[in-house]
file my_file.csv (CSV, C-alpha atoms and all ligand atoms)
chain,number,residue,atom,x,y,z
A,1,MET,CA,27.8,16.3,-6.2
A,2,SER,CA,26.9,17.2,-2.6
A,3,GLN,CA,26.0,14.3,-0.4
A,4,ARG,CA,22.2,13.7,-0.3
A,5,PRO,CA,20.5,12.0,2.7
A,6,ILE,CA,20.1,8.2,2.6
A,7,TYR,CA,16.6,7.5,1.4
A,8,LEU,CA,14.6,5.2,3.8
A,9,ASP,CA,11.1,6.6,3.1
A,10,ASN,CA,10.2,3.9,0.5
A,11,HIS,CA,6.7,3.5,2.0
A,12,ALA,CA,6.0,7.1,0.9
A,13,THR,CA,7.3,6.7,-2.6
A,14,THR,CA,10.3,5.2,-4.4
A,15,ALA,CA,12.9,6.2,-6.9
A,16,MET,CA,11.8,5.0,-10.4
A,17,ASP,CA,13.9,2.2,-11.8
A,18,GLU,CA,15.8,3.4,-15.0
A,19,ARG,CA,14.6,0.3,-16.8
A,20,VAL,CA,11.0,1.5,-16.3
A,21,LEU,CA,11.9,5.0,-17.6
A,22,GLU,CA,13.5,3.5,-20.7
A,23,ALA,CA,10.3,1.4,-21.4
A,24,MET,CA,8.1,4.5,-21.0
A,25,LEU,CA,10.0,7.1,-23.1
A,26,PRO,CA,9.0,6.1,-26.6
A,27,TYR,CA,5.3,6.4,-25.6
A,28,PHE,CA,5.6,10.1,-24.8
A,29,THR,CA,6.9,10.9,-28.3
A,30,GLU,CA,6.8,8.7,-31.3
A,31,HIS,CA,4.2,6.2,-30.0
A,32,PHE,CA,1.9,8.9,-28.7
A,33,GLY,CA,-1.4,7.5,-30.2
A,34,ASN,CA,-4.6,7.3,-28.3
A,35,PRO,CA,-5.2,3.5,-27.5
A,36,SER,CA,-8.9,4.1,-28.3
A,37,SER,CA,-8.1,5.3,-31.9
A,38,ILE,CA,-9.0,2.2,-33.9
A,39,ASN,CA,-8.5,3.6,-37.4
A,40,HIS,CA,-4.7,4.1,-37.6
A,41,LEU,CA,-1.3,2.8,-36.7
A,42,TYR,CA,-0.7,5.3,-33.9
A,43,GLY,CA,-3.8,4.1,-32.1
A,44,TRP,CA,-2.9,0.4,-32.7
A,45,GLU,CA,0.6,1.0,-31.2
A,46,GLY,CA,-0.9,2.5,-28.1
A,47,GLU,CA,-3.5,-0.2,-27.8
A,48,ALA,CA,-0.9,-3.0,-28.1
A,49,ALA,CA,1.3,-1.4,-25.4
A,50,VAL,CA,-1.7,-1.1,-23.0
A,51,LYS,CA,-2.7,-4.7,-23.8
A,52,LYS,CA,0.8,-6.0,-22.9
A,53,ALA,CA,0.9,-4.0,-19.6
A,54,ARG,CA,-2.6,-5.1,-18.7
A,55,GLU,CA,-1.6,-8.8,-19.3
A,56,THR,CA,1.5,-8.5,-17.2
A,57,ILE,CA,-0.4,-6.9,-14.3
A,58,ALA,CA,-3.2,-9.4,-14.6
A,59,ASN,CA,-0.8,-12.4,-14.5
A,60,GLY,CA,0.9,-10.8,-11.4
A,61,ILE,CA,-2.3,-11.2,-9.4
A,62,ASN,CA,-3.8,-14.2,-11.2
A,63,CYS,CA,-6.8,-12.5,-12.9
A,64,SER,CA,-7.8,-12.0,-16.5
A,65,PRO,CA,-6.7,-8.8,-18.3
A,66,GLU,CA,-10.3,-7.5,-18.7
A,67,GLU,CA,-10.6,-7.4,-14.9
A,68,ILE,CA,-8.0,-4.7,-14.7
A,69,VAL,CA,-9.3,-1.1,-14.6
A,70,PHE,CA,-6.5,1.5,-14.9
A,71,THR,CA,-6.7,4.5,-12.4
A,72,SER,CA,-4.5,7.3,-11.3
A,73,GLY,CA,-3.3,5.3,-8.4
A,74,ALA,CA,-4.4,3.5,-5.3
A,75,THR,CA,-6.3,6.5,-3.8
A,76,GLU,CA,-8.6,6.6,-6.9
A,77,ALA,CA,-8.8,2.7,-6.9
A,78,ASN,CA,-9.9,2.7,-3.3
A,79,ASN,CA,-12.5,5.5,-3.9
A,80,LEU,CA,-13.8,3.7,-7.0
A,81,ALA,CA,-14.1,0.4,-5.1
A,82,ILE,CA,-15.7,1.7,-2.0
A,83,LYS,CA,-18.0,4.4,-3.5
A,84,GLY,CA,-18.6,2.3,-6.6
A,85,ILE,CA,-19.8,-0.7,-4.5
A,86,ALA,CA,-21.9,1.5,-2.2
A,87,GLU,CA,-23.7,3.0,-5.1
A,88,ALA,CA,-24.2,-0.3,-7.0
A,89,TYR,CA,-25.4,-2.4,-3.9
A,90,PHE,CA,-27.1,0.1,-1.6
A,91,SER,CA,-30.5,-1.5,-2.3
A,92,GLN,CA,-29.1,-4.8,-0.8
A,93,GLY,CA,-27.7,-3.2,2.3
A,94,GLN,CA,-25.9,-0.1,3.6
A,95,HIS,CA,-23.3,-1.5,6.0
A,96,ILE,CA,-19.6,-1.5,5.4
A,97,ILE,CA,-16.8,-3.0,7.6
A,98,THR,CA,-13.2,-1.8,7.6
A,99,PHE,CA,-10.4,-1.4,10.2
A,100,GLN,CA,-8.9,1.5,12.2
A,101,THR,CA,-5.4,1.0,10.7
A,102,GLU,CA,-6.5,1.5,7.1
A,103,HIS,CA,-5.0,4.2,4.9
A,104,ASN,CA,-6.9,7.5,4.7
A,105,ALA,CA,-7.7,6.6,1.1
A,106,VAL,CA,-10.0,3.9,2.6
A,107,LEU,CA,-11.1,5.7,5.8
A,108,ASP,CA,-12.1,8.9,4.1
A,109,PRO,CA,-14.3,7.5,1.4
A,110,CYS,CA,-16.0,5.5,4.2
A,111,LYS,CA,-16.5,8.7,6.2
A,112,TYR,CA,-18.0,10.3,3.1
A,113,LEU,CA,-20.4,7.4,2.7
A,114,GLU,CA,-21.4,7.8,6.4
A,115,SER,CA,-22.4,11.4,5.5
A,116,LEU,CA,-24.7,10.0,2.9
A,117,GLY,CA,-26.4,7.6,5.3
A,118,PHE,CA,-24.3,4.4,5.1
A,119,GLU,CA,-23.2,2.8,8.3
A,120,VAL,CA,-19.5,2.0,8.6
A,121,THR,CA,-17.9,-0.2,11.4
A,122,TYR,CA,-14.2,0.6,12.0
A,123,LEU,CA,-13.0,-2.5,13.8
A,124,PRO,CA,-10.0,-2.3,16.1
A,125,VAL,CA,-6.9,-4.5,15.6
A,126,GLU,CA,-4.8,-6.6,17.9
A,127,LYS,CA,-1.8,-5.0,19.7
A,128,ASN,CA,0.5,-6.4,16.9
A,129,GLY,CA,-1.6,-4.8,14.2
A,130,LEU,CA,-3.3,-8.0,12.9
A,131,ILE,CA,-7.0,-8.1,12.6
A,132,ASP,CA,-9.2,-10.5,14.7
A,133,LEU,CA,-10.8,-12.9,12.3
A,134,GLU,CA,-13.5,-14.0,14.7
A,135,LEU,CA,-14.4,-10.4,15.4
A,136,LEU,CA,-14.7,-9.7,11.7
A,137,GLU,CA,-16.9,-12.7,11.1
A,138,LYS,CA,-19.2,-11.7,14.1
A,139,SER,CA,-19.4,-8.2,12.8
A,140,ILE,CA,-20.8,-9.2,9.4
A,141,ARG,CA,-24.6,-8.6,9.3
A,142,PRO,CA,-27.2,-9.4,6.6
A,143,GLU,CA,-27.0,-5.8,5.4
A,144,THR,CA,-23.2,-5.8,5.1
A,145,ILE,CA,-22.2,-5.2,1.5
A,146,LEU,CA,-18.5,-4.7,1.7
A,147,VAL,CA,-15.4,-5.7,3.8
A,148,SER,CA,-12.3,-3.6,3.2
A,149,VAL,CA,-9.0,-4.8,4.6
A,150,MET,CA,-5.5,-3.7,3.5
A,151,ALA,CA,-3.0,-6.3,2.4
A,152,ALA,CA,0.0,-4.6,4.0
A,153,ASN,CA,0.1,-1.6,6.3
A,154,ASN,CA,2.0,1.5,5.2
A,155,GLU,CA,3.3,2.4,8.6
A,156,ILE,CA,3.9,-0.9,10.5
A,157,GLY,CA,4.1,-3.2,7.5
A,158,VAL,CA,1.8,-5.8,9.0
A,159,LEU,CA,0.5,-8.3,6.5
A,160,GLN,CA,-3.2,-9.3,7.0
A,161,PRO,CA,-4.3,-12.9,6.5
A,162,LEU,CA,-6.0,-12.3,3.1
A,163,LYS,CA,-6.9,-15.9,2.4
A,164,GLU,CA,-8.6,-16.3,5.7
A,165,ILE,CA,-10.5,-13.0,5.3
A,166,GLY,CA,-11.5,-14.2,1.8
A,167,LYS,CA,-12.9,-17.4,3.2
A,168,ILE,CA,-15.0,-15.5,5.7
A,169,CYS,CA,-16.3,-13.1,3.0
A,170,GLN,CA,-17.1,-16.0,0.7
A,171,LYS,CA,-19.0,-17.8,3.5
A,172,LYS,CA,-21.0,-14.7,4.4
A,173,ALA,CA,-21.5,-13.7,0.7
A,174,VAL,CA,-20.0,-10.2,1.1
A,175,ILE,CA,-17.7,-8.4,-1.3
A,176,PHE,CA,-14.0,-8.3,-0.2
A,177,HIS,CA,-11.9,-5.3,-1.2
A,178,SER,CA,-8.2,-5.0,-0.3
A,179,ASP,CA,-5.9,-2.0,-0.6
A,180,ALA,CA,-2.6,-3.6,-1.9
A,181,ALA,CA,-0.7,-0.4,-2.5
A,182,GLN,CA,2.1,-1.5,-0.2
A,183,ALA,CA,1.9,-5.2,-1.0
A,184,ILE,CA,1.9,-5.5,-4.8
A,185,GLY,CA,5.3,-6.7,-6.1
A,186,LYS,CA,6.6,-7.3,-2.5
A,187,ILE,CA,4.5,-10.3,-1.4
A,188,HIS,CA,2.6,-13.1,-3.2
A,189,LEU,CA,-0.9,-11.9,-4.2
A,190,ASP,CA,-3.5,-14.2,-5.9
A,191,VAL,CA,-7.1,-12.9,-6.2
A,192,LYS,CA,-8.5,-16.4,-6.9
A,193,GLU,CA,-6.7,-18.2,-4.1
A,194,MET,CA,-7.5,-15.4,-1.7
A,195,ASN,CA,-11.1,-14.9,-2.9
A,196,ILE,CA,-10.5,-11.2,-3.3
A,197,HIS,CA,-13.2,-9.3,-5.4
A,198,LEU,CA,-11.6,-5.9,-5.6
A,199,LEU,CA,-7.9,-5.1,-5.3
A,200,SER,CA,-6.3,-1.6,-5.4
A,201,LEU,CA,-2.8,-1.3,-6.9
A,202,THR,CA,-0.3,1.5,-7.5
A,203,ALA,CA,3.1,1.6,-9.3
A,204,HIS,CA,5.0,4.2,-7.3
A,205,LYS,CA,5.6,2.2,-4.1
A,206,ILE,CA,7.7,-0.3,-6.1
A,207,HIS,CA,10.0,1.8,-8.2
A,208,GLY,CA,7.4,2.7,-10.9
A,209,PRO,CA,5.9,6.0,-12.0
A,210,LYS,CA,3.6,8.1,-9.9
A,211,GLY,CA,0.0,8.8,-11.0
A,212,ILE,CA,-0.8,5.3,-12.3
A,213,GLY,CA,-2.5,2.4,-10.6
A,214,ALA,CA,-5.4,0.0,-11.1
A,215,LEU,CA,-8.4,-1.6,-9.6
A,216,TYR,CA,-9.0,-5.3,-10.1
A,217,VAL,CA,-12.7,-5.9,-10.5
A,218,ARG,CA,-13.9,-9.5,-10.5
A,219,ARG,CA,-16.0,-10.4,-13.5
A,220,ARG,CA,-17.0,-13.9,-12.7
A,221,ASN,CA,-17.8,-16.2,-9.7
A,222,PRO,CA,-19.3,-13.7,-8.8
A,223,ARG,CA,-19.5,-10.8,-11.2
A,224,VAL,CA,-18.9,-7.7,-9.1
A,225,ASN,CA,-20.7,-4.5,-10.3
A,226,ILE,CA,-19.1,-1.1,-9.8
A,227,ALA,CA,-20.8,2.2,-10.3
A,228,PRO,CA,-18.4,4.4,-12.3
A,229,GLN,CA,-17.2,7.5,-10.5
A,230,LEU,CA,-15.9,9.2,-13.6
A,231,HIS,CA,-18.2,9.5,-16.6
A,232,GLY,CA,-17.1,10.3,-20.1
A,233,GLY,CA,-15.7,8.4,-23.1
A,234,GLY,CA,-16.5,5.0,-21.6
A,235,GLN,CA,-12.9,3.7,-21.5
A,236,GLU,CA,-12.1,0.7,-19.2
A,237,LYS,CA,-15.5,-1.0,-19.9
A,238,ASN,CA,-17.3,2.1,-18.8
A,239,ILE,CA,-16.0,1.9,-15.3
A,240,ARG,CA,-13.4,4.6,-15.6
A,241,SER,CA,-13.6,7.2,-18.4
A,242,GLY,CA,-10.6,9.2,-19.5
A,243,THR,CA,-7.9,8.8,-22.2
A,244,LEU,CA,-5.6,6.0,-21.2
A,245,TYR,CA,-2.2,7.4,-20.0
A,246,THR,CA,-0.1,5.1,-22.2
A,247,PRO,CA,3.4,6.0,-21.0
A,248,GLN,CA,2.4,5.5,-17.3
A,249,ILE,CA,0.6,2.3,-18.1
A,250,VAL,CA,3.6,0.9,-20.0
A,251,GLY,CA,5.7,1.9,-17.0
A,252,PHE,CA,3.3,0.2,-14.6
A,253,GLY,CA,3.6,-3.0,-16.6
A,254,LYS,CA,7.4,-2.9,-16.6
A,255,THR,CA,7.4,-2.1,-12.8
A,256,ILE,CA,5.3,-5.2,-12.1
A,257,GLU,CA,7.4,-7.3,-14.5
A,258,LEU,CA,10.6,-6.3,-12.7
A,259,ALA,CA,9.2,-6.6,-9.2
A,260,LEU,CA,7.9,-10.1,-9.8
A,261,GLU,CA,11.2,-11.2,-11.4
A,262,GLU,CA,13.1,-10.1,-8.3
A,263,ILE,CA,10.4,-10.7,-5.6
A,264,GLU,CA,12.2,-13.6,-3.9
A,265,THR,CA,15.8,-12.2,-4.0
A,266,GLU,CA,14.6,-8.8,-3.0
A,267,SER,CA,12.4,-9.9,-0.2
A,268,LYS,CA,15.3,-12.0,1.2
A,269,ARG,CA,17.8,-9.2,0.7
A,270,GLN,CA,15.6,-6.4,2.2
A,271,SER,CA,14.5,-8.5,5.2
A,272,GLU,CA,18.1,-9.4,6.0
A,273,LEU,CA,19.0,-5.7,6.0
A,274,ARG,CA,15.9,-4.8,7.9
A,275,ASN,CA,16.6,-7.5,10.5
A,276,ARG,CA,20.1,-6.1,11.0
A,277,LEU,CA,18.9,-2.6,11.5
A,278,GLN,CA,16.1,-3.9,13.8
A,279,LYS,CA,18.5,-5.9,16.0
A,280,GLN,CA,20.8,-2.9,16.5
A,281,LEU,CA,18.0,-0.5,17.3
A,282,LEU,CA,16.2,-2.9,19.7
A,283,ASN,CA,19.5,-3.4,21.5
A,284,ILE,CA,19.1,0.1,22.9
A,285,GLU,CA,17.2,0.3,26.1
A,286,GLY,CA,13.7,1.8,25.7
A,287,VAL,CA,13.3,1.1,21.9
A,288,TYR,CA,10.3,-1.0,21.0
A,289,LEU,CA,9.1,-2.6,17.8
A,290,ASN,CA,5.6,-1.6,16.5
A,291,GLY,CA,3.6,-4.2,14.7
A,292,HIS,CA,3.9,-8.0,14.3
A,293,PRO,CA,7.5,-9.2,14.6
A,294,THR,CA,7.4,-11.5,11.6
A,295,GLN,CA,4.1,-11.1,9.7
A,296,ARG,CA,5.4,-7.9,8.1
A,297,LEU,CA,6.7,-6.4,4.8
A,298,PRO,CA,10.4,-7.4,4.2
A,299,GLY,CA,11.5,-3.7,4.0
A,300,ASN,CA,9.5,-2.3,6.9
A,301,LEU,CA,10.6,-1.3,10.4
A,302,ASN,CA,8.7,0.9,12.8
A,303,VAL,CA,10.0,1.6,16.3
A,304,SER,CA,9.0,3.7,19.3
A,305,ILE,CA,11.7,5.3,21.3
A,306,GLU,CA,11.3,6.2,25.0
A,307,GLY,CA,12.6,9.5,26.2
A,308,VAL,CA,13.0,11.0,22.8
A,309,ASP,CA,10.8,13.5,20.9
A,310,GLY,CA,10.1,12.1,17.4
A,311,ALA,CA,10.3,15.6,15.8
A,312,ALA,CA,13.7,16.3,17.5
A,313,LEU,CA,15.1,13.0,16.4
A,314,LEU,CA,14.0,13.6,12.8
A,315,LEU,CA,15.6,17.0,12.9
A,316,ALA,CA,18.8,15.6,14.3
A,317,LEU,CA,18.9,13.1,11.4
A,318,GLN,CA,17.7,15.5,8.7
A,319,GLY,CA,20.8,15.9,6.6
A,320,ILE,CA,21.8,12.3,6.9
A,321,ILE,CA,18.7,10.1,6.6
A,322,ALA,CA,15.4,10.8,4.8
A,323,LEU,CA,12.7,9.0,6.7
A,324,SER,CA,9.4,9.7,8.4
A,325,SER,CA,8.1,9.7,11.9
A,326,GLY,CA,5.8,6.8,12.7
A,327,SER,CA,4.4,9.1,14.1
A,328,ALA,CA,3.5,9.4,17.7
A,329,CYS,CA,5.3,12.6,18.3
A,330,THR,CA,4.8,14.7,21.4
A,331,SER,CA,5.6,17.6,19.2
A,332,THR,CA,2.6,19.9,18.7
A,333,THR,CA,3.2,20.1,14.9
A,334,THR,CA,2.8,16.4,14.4
A,335,LYS,CA,-0.5,14.6,14.8
A,336,PRO,CA,-0.2,11.2,16.4
A,337,SER,CA,-0.5,8.4,13.9
A,338,HIS,CA,-4.0,6.8,13.8
A,339,VAL,CA,-2.2,3.5,13.1
A,340,LEU,CA,0.0,3.6,16.2
A,341,LYS,CA,-3.0,4.8,18.2
A,342,ALA,CA,-5.0,1.8,17.0
A,343,LEU,CA,-2.4,-0.6,18.4
A,344,GLY,CA,-3.5,0.6,21.8
A,345,HIS,CA,0.0,1.2,23.3
A,346,GLU,CA,-1.3,4.2,25.3
A,347,ASP,CA,2.0,4.3,27.3
A,348,LYS,CA,4.1,4.5,24.1
A,349,LEU,CA,2.1,7.2,22.4
A,350,ALA,CA,4.2,9.9,24.0
A,351,TYR,CA,7.4,8.4,22.6
A,352,GLY,CA,9.1,9.4,19.5
A,353,SER,CA,8.8,6.9,16.7
A,354,LEU,CA,10.4,6.2,13.4
A,355,ARG,CA,9.2,4.4,10.2
A,356,PHE,CA,11.9,2.9,8.0
A,357,GLY,CA,11.0,1.8,4.5
A,358,LEU,CA,13.8,-0.1,2.6
A,359,GLY,CA,13.8,-0.4,-1.1
A,360,ARG,CA,15.5,-1.9,-4.1
A,361,PHE,CA,18.3,0.6,-4.0
A,362,THR,CA,19.0,0.4,-0.2
A,363,THR,CA,22.5,-0.9,0.4
A,364,SER,CA,24.1,-2.7,3.2
A,365,GLN,CA,26.6,0.2,3.8
A,366,GLU,CA,23.7,2.6,4.1
A,367,ILE,CA,22.1,0.4,6.8
A,368,ASP,CA,25.3,0.5,8.8
A,369,ILE,CA,25.6,4.3,8.6
A,370,VAL,CA,21.9,4.6,9.5
A,371,SER,CA,22.1,2.5,12.6
A,372,GLU,CA,25.2,4.2,13.8
A,373,LYS,CA,23.8,7.7,13.3
A,374,ILE,CA,20.5,6.8,14.9
A,375,ILE,CA,22.1,5.3,18.0
A,376,ASP,CA,24.3,8.4,18.4
A,377,SER,CA,21.3,10.7,18.0
A,378,ILE,CA,19.2,8.8,20.5
A,379,ASN,CA,22.0,8.8,23.0
A,380,SER,CA,22.7,12.5,22.7
A,381,LEU,CA,19.0,13.6,22.7
A,382,ARG,CA,18.5,11.5,25.9
A,383,LYS,CA,21.6,13.1,27.5
A,384,SER,CA,20.3,16.6,26.8
A,385,ASN,CA,16.8,15.7,28.1
A,386,ILE,CA,16.9,16.3,31.8
A,387,ASN,CA,13.6,14.5,32.3
A,388,TYR,CA,15.0,11.2,31.2
B,1,LIG,C1,0.4,5.1,-0.9
B,1,LIG,C2,-0.8,4.4,-0.5
B,1,LIG,C3,-2.0,4.7,-1.0
B,1,LIG,C4,-2.2,5.8,-2.0
B,1,LIG,O1,-1.7,5.4,-3.2
B,1,LIG,P1,-1.5,6.5,-4.4
B,1,LIG,O2,-1.2,5.7,-5.6
B,1,LIG,O3,-0.4,7.4,-4.0
B,1,LIG,O4,-2.8,7.2,-4.6
B,1,LIG,C5,-3.1,4.0,-0.6
B,1,LIG,N1,-3.0,3.0,0.3
B,1,LIG,C6,-1.9,2.7,0.9
B,1,LIG,C7,-1.8,1.6,1.9
B,1,LIG,C8,-0.7,3.3,0.5
B,1,LIG,O5,0.5,3.0,1.1

call {"tool": "encode", "arguments": {"input": "my_file.csv", "output": "structure tokens"}}
result
Amino acid sequence: MSQRPIYLDNHATTAMDERVLEAMLPYFTEHFGNPSSINHLYGWEGEAAVKKARETIANGINCSPEEIVFTSGATEANNLAIKGIAEAYFSQGQHIITFQTEHNAVLDPCKYLESLGFEVTYLPVEKNGLIDLELLEKSIRPETILVSVMAANNEIGVLQPLKEIGKICQKKAVIFHSDAAQAIGKIHLDVKEMNIHLLSLTAHKIHGPKGIGALYVRRRNPRVNIAPQLHGGGQEKNIRSGTLYTPQIVGFGKTIELALEEIETESKRQSELRNRLQKQLLNIEGVYLNGHPTQRLPGNLNVSIEGVDGAALLLALQGIIALSSGSACTSTTTKPSHVLKALGHEDKLAYGSLRFGLGRFTTSQEIDIVSEKIIDSINSLRKSNINY
């Protein structure tokens, strides 16, 4: 087999764990029944499998199983949360608060709502990527119906203080939604302790299948109403119609089970590898860390590199390492990242930047090869750049 590049783009997606695949396979073939078919064994088998997965996922975030609504992923969950709240609560107010470093799956539904007449405040973040809690509290008005803040950022890995945000939202009686696509299975999440009303989840960022996710919708203290965005057979308590995708749901359940079993050992292992890579890269002159130094996902590293074009660096590494630019490239083909822009390092925006995402299958040998290759590439690109 020819040598494939070392995969360090685990924030984009991950390799599915074989154990997840094994759990899913029977549900494509012999146990193919529709979980909504209540009159025969095939349906019961599907229903039992969905029930088990729903319980595992609910336990993982400390909610009850009936509060989990399966979706096609976090994009759909975010759309359902944001548009579903806007539609259900518009008579109480038409103002939404979110942050400039959110994923497009939050920003774009918000922009869409603006086109319908809602008002959205996109608050800035601190230079380290953390939100300013006081600014958030001051920005909540009587007509604010929703605050949406991601749990972990997909570029710089920054972990927002969910519990503190939850307290503010509780005090001000606004609904709190969090996009936890990058956080689920990697850090502790508890919707009760953190006073979260809506939480978006996905399986494929933690070695599960693509095309499956969920929205947690709180049903008591308070009961949160969501206007459905898909109408049809009335599945998922009428919130999300469509035949349940049993194999993906089973895979999602297994994904969460495995991730939570290994959460402590994996977060320790990945953060040690990440710290080693970080130390070696930051040793080079003109290499800077993006995002908070410690309040960050264990497998995340994002750096800006002075005197190097991001696209040129990625090209030099192409056959060796699969990763993505952060991306604040000077290259005309790459748009600057809205996340790095929001950090306000105007001076660094012209630098190349790299986003590393470590995963369950990242090894210590890989990290050694990666740091050596990157250091070599930076040095040779800088040498060939007469402007440096
Ligand atoms: C990947 C990601 C999404 C989109 O999730 P899908 O399941 O691929 O739709 C949303 N938000 C964040 C923060 C992500 O990292």

call {"tool": "closest_residue", "arguments": {"input": "my_file.csv", "among": "A:Ile82, A:Ile57, A:Ile187, A:Ile6", "to": "Thr265 (chain A)", "atoms": "only C-alpha atoms"}}
result
A:Ile187

call {"tool": "residues_around", "arguments": {"input": "my_file.csv", "residues": "Lys163 (chain A)", "least_positions_apart": "2", "cutoff": "9 Å", "atoms": "all atoms listed in the file", "output": "number ranges by chain"}}
result
A: 160-161, 165-168, 193-196

call {"tool": "write_last_selection", "arguments": {"input": "my_file.csv", "atoms": "C-alpha atoms", "output": "mmCIF file, in the frame of the given file"}}
result
data_model
loop_
_atom_site.group_PDB
_atom_site.id
_atom_site.type_symbol
_atom_site.label_atom_id
_atom_site.label_comp_id
_atom_site.auth_asym_id
_atom_site.auth_seq_id
_atom_site.Cartn_x
_atom_site.Cartn_y
_atom_site.Cartn_z
ATOM 1 C CA GLN A 160 -3.200 -9.300 7.000
ATOM 2 C CA PRO A 161 -4.300 -12.900 6.500
ATOM 3 C CA ILE A 165 -10.500 -13.000 5.300
ATOM 4 C CA GLY A 166 -11.500 -14.200 1.800
ATOM 5 C CA LYS A 167 -12.900 -17.400 3.200
ATOM 6 C CA ILE A 168 -15.000 -15.500 5.700
ATOM 7 C CA GLU A 193 -6.700 -18.200 -4.100
ATOM 8 C CA MET A 194 -7.500 -15.400 -1.700
ATOM 9 C CA ASN A 195 -11.100 -14.900 -2.900
ATOM 10 C CA ILE A 196 -10.500 -11.200 -3.300
#

call {"tool": "residues_around", "arguments": {"input": "my_file.csv", "residues": "region 13-26 of chain A", "least_positions_apart": "2", "cutoff": "9 Å", "atoms": "all atoms listed in the file", "output": "MDAnalysis selection string"}}
result
chainID A and resid 7 9:11 28:32 204:210 246:255 258 359:361

call {"tool": "closest_atom_pairs", "arguments": {"input": "my_file.csv", "of": "region 236-295 of chain A", "to": "region 300-309 of chain A", "cutoff": "9 Å", "atoms": "all atoms listed in the file", "output": "JSON lines"}}
result
{"residue": "A:Gln270", "atom": "CA", "partner": "A:Asn300", "partner_atom": "CA", "distance": 8.7}
{"residue": "A:Ser271", "atom": "CA", "partner": "A:Asn300", "partner_atom": "CA", "distance": 8.1}
{"residue": "A:Arg274", "atom": "CA", "partner": "A:Leu301", "partner_atom": "CA", "distance": 6.8}
{"residue": "A:Asn275", "atom": "CA", "partner": "A:Leu301", "partner_atom": "CA", "distance": 8.6}
{"residue": "A:Leu277", "atom": "CA", "partner": "A:Leu301", "partner_atom": "CA", "distance": 8.5}
{"residue": "A:Gln278", "atom": "CA", "partner": "A:Leu301", "partner_atom": "CA", "distance": 7.0}
{"residue": "A:Leu281", "atom": "CA", "partner": "A:Val303", "partner_atom": "CA", "distance": 8.3}
{"residue": "A:Leu282", "atom": "CA", "partner": "A:Val303", "partner_atom": "CA", "distance": 8.4}
{"residue": "A:Glu285", "atom": "CA", "partner": "A:Glu306", "partner_atom": "CA", "distance": 8.4}
{"residue": "A:Gly286", "atom": "CA", "partner": "A:Glu306", "partner_atom": "CA", "distance": 5.1}
{"residue": "A:Val287", "atom": "CA", "partner": "A:Ile305", "partner_atom": "CA", "distance": 4.5}
{"residue": "A:Tyr288", "atom": "CA", "partner": "A:Ser304", "partner_atom": "CA", "distance": 5.2}
{"residue": "A:Leu289", "atom": "CA", "partner": "A:Val303", "partner_atom": "CA", "distance": 4.5}
{"residue": "A:Asn290", "atom": "CA", "partner": "A:Asn302", "partner_atom": "CA", "distance": 5.4}
{"residue": "A:Gly291", "atom": "CA", "partner": "A:Asn302", "partner_atom": "CA", "distance": 7.5}

call {"tool": "atom_distance", "arguments": {"input": "my_file.csv", "atom1": "CA of Arg218 (chain A)", "atom2": "CA of Leu198 (chain A)"}}
result
6.5 Å

call {"tool": "atom_distance", "arguments": {"input": "my_file.csv", "atom1": "CA of Asn128 (chain A)", "atom2": "CA of Leu354 (chain A)"}}
result
16.4 Å

call {"tool": "residues_near_ligand", "arguments": {"input": "my_file.csv", "ligand": "ligand LIG 1 (chain B)", "cutoff": "9 Å", "atoms": "all atoms listed in the file", "output": "count of residues only"}}
result
38

call {"tool": "atom_distance", "arguments": {"input": "my_file.csv", "atom1": "CA of Ile263 (chain A)", "atom2": "CA of Ser178 (chain A)"}}
result
20.2 Å

call {"tool": "closest_residue", "arguments": {"input": "my_file.csv", "among": "A:Asn225, A:Ser324, A:Thr294, A:Asn79", "to": "Leu159 (chain A)", "atoms": "only C-alpha atoms"}}
result
A:Thr294

call {"tool": "residues_around", "arguments": {"input": "my_file.csv", "residues": "Ser139 (chain A)", "least_positions_apart": "4", "cutoff": "12 Å", "atoms": "only C-alpha atoms", "output": "ChimeraX atom specification"}}
result
/A:95-99,120-124,132-135,143-144,146-147,168-169,172,174

call {"tool": "build_atoms", "arguments": {"input": "my_file.csv", "residues": "region 378-384 of chain A", "atoms": "N, CA and C atoms", "output": "PDB file, keeping the file's coordinate frame"}}
result
ATOM      1  N   ILE A 378      20.021   9.167  19.368  1.00  0.00           N
ATOM      2  CA  ILE A 378      19.200   8.800  20.500  1.00  0.00           C
ATOM      3  C   ILE A 378      19.945   9.091  21.805  1.00  0.00           C
ATOM      4  N   ASN A 379      21.193   8.643  21.827  1.00  0.00           N
ATOM      5  CA  ASN A 379      22.000   8.800  23.000  1.00  0.00           C
ATOM      6  C   ASN A 379      22.180  10.313  23.355  1.00  0.00           C
ATOM      7  N   SER A 380      22.475  11.126  22.341  1.00  0.00           N
ATOM      8  CA  SER A 380      22.700  12.500  22.700  1.00  0.00           C
ATOM      9  C   SER A 380      21.426  13.268  23.007  1.00  0.00           C
ATOM     10  N   LEU A 381      20.321  12.899  22.365  1.00  0.00           N
ATOM     11  CA  LEU A 381      19.000  13.600  22.700  1.00  0.00           C
ATOM     12  C   LEU A 381      18.635  13.176  24.152  1.00  0.00           C
ATOM     13  N   ARG A 382      18.877  11.941  24.510  1.00  0.00           N
ATOM     14  CA  ARG A 382      18.500  11.500  25.900  1.00  0.00           C
ATOM     15  C   ARG A 382      19.384  12.214  26.903  1.00  0.00           C
ATOM     16  N   LYS A 383      20.665  12.395  26.578  1.00  0.00           N
ATOM     17  CA  LYS A 383      21.600  13.100  27.500  1.00  0.00           C
ATOM     18  C   LYS A 383      21.145  14.519  27.731  1.00  0.00           C
ATOM     19  N   SER A 384      20.676  15.141  26.639  1.00  0.00           N
ATOM     20  CA  SER A 384      20.300  16.600  26.800  1.00  0.00           C
ATOM     21  C   SER A 384      18.915  16.719  27.366  1.00  0.00           C
TER      22      SER A 384
END
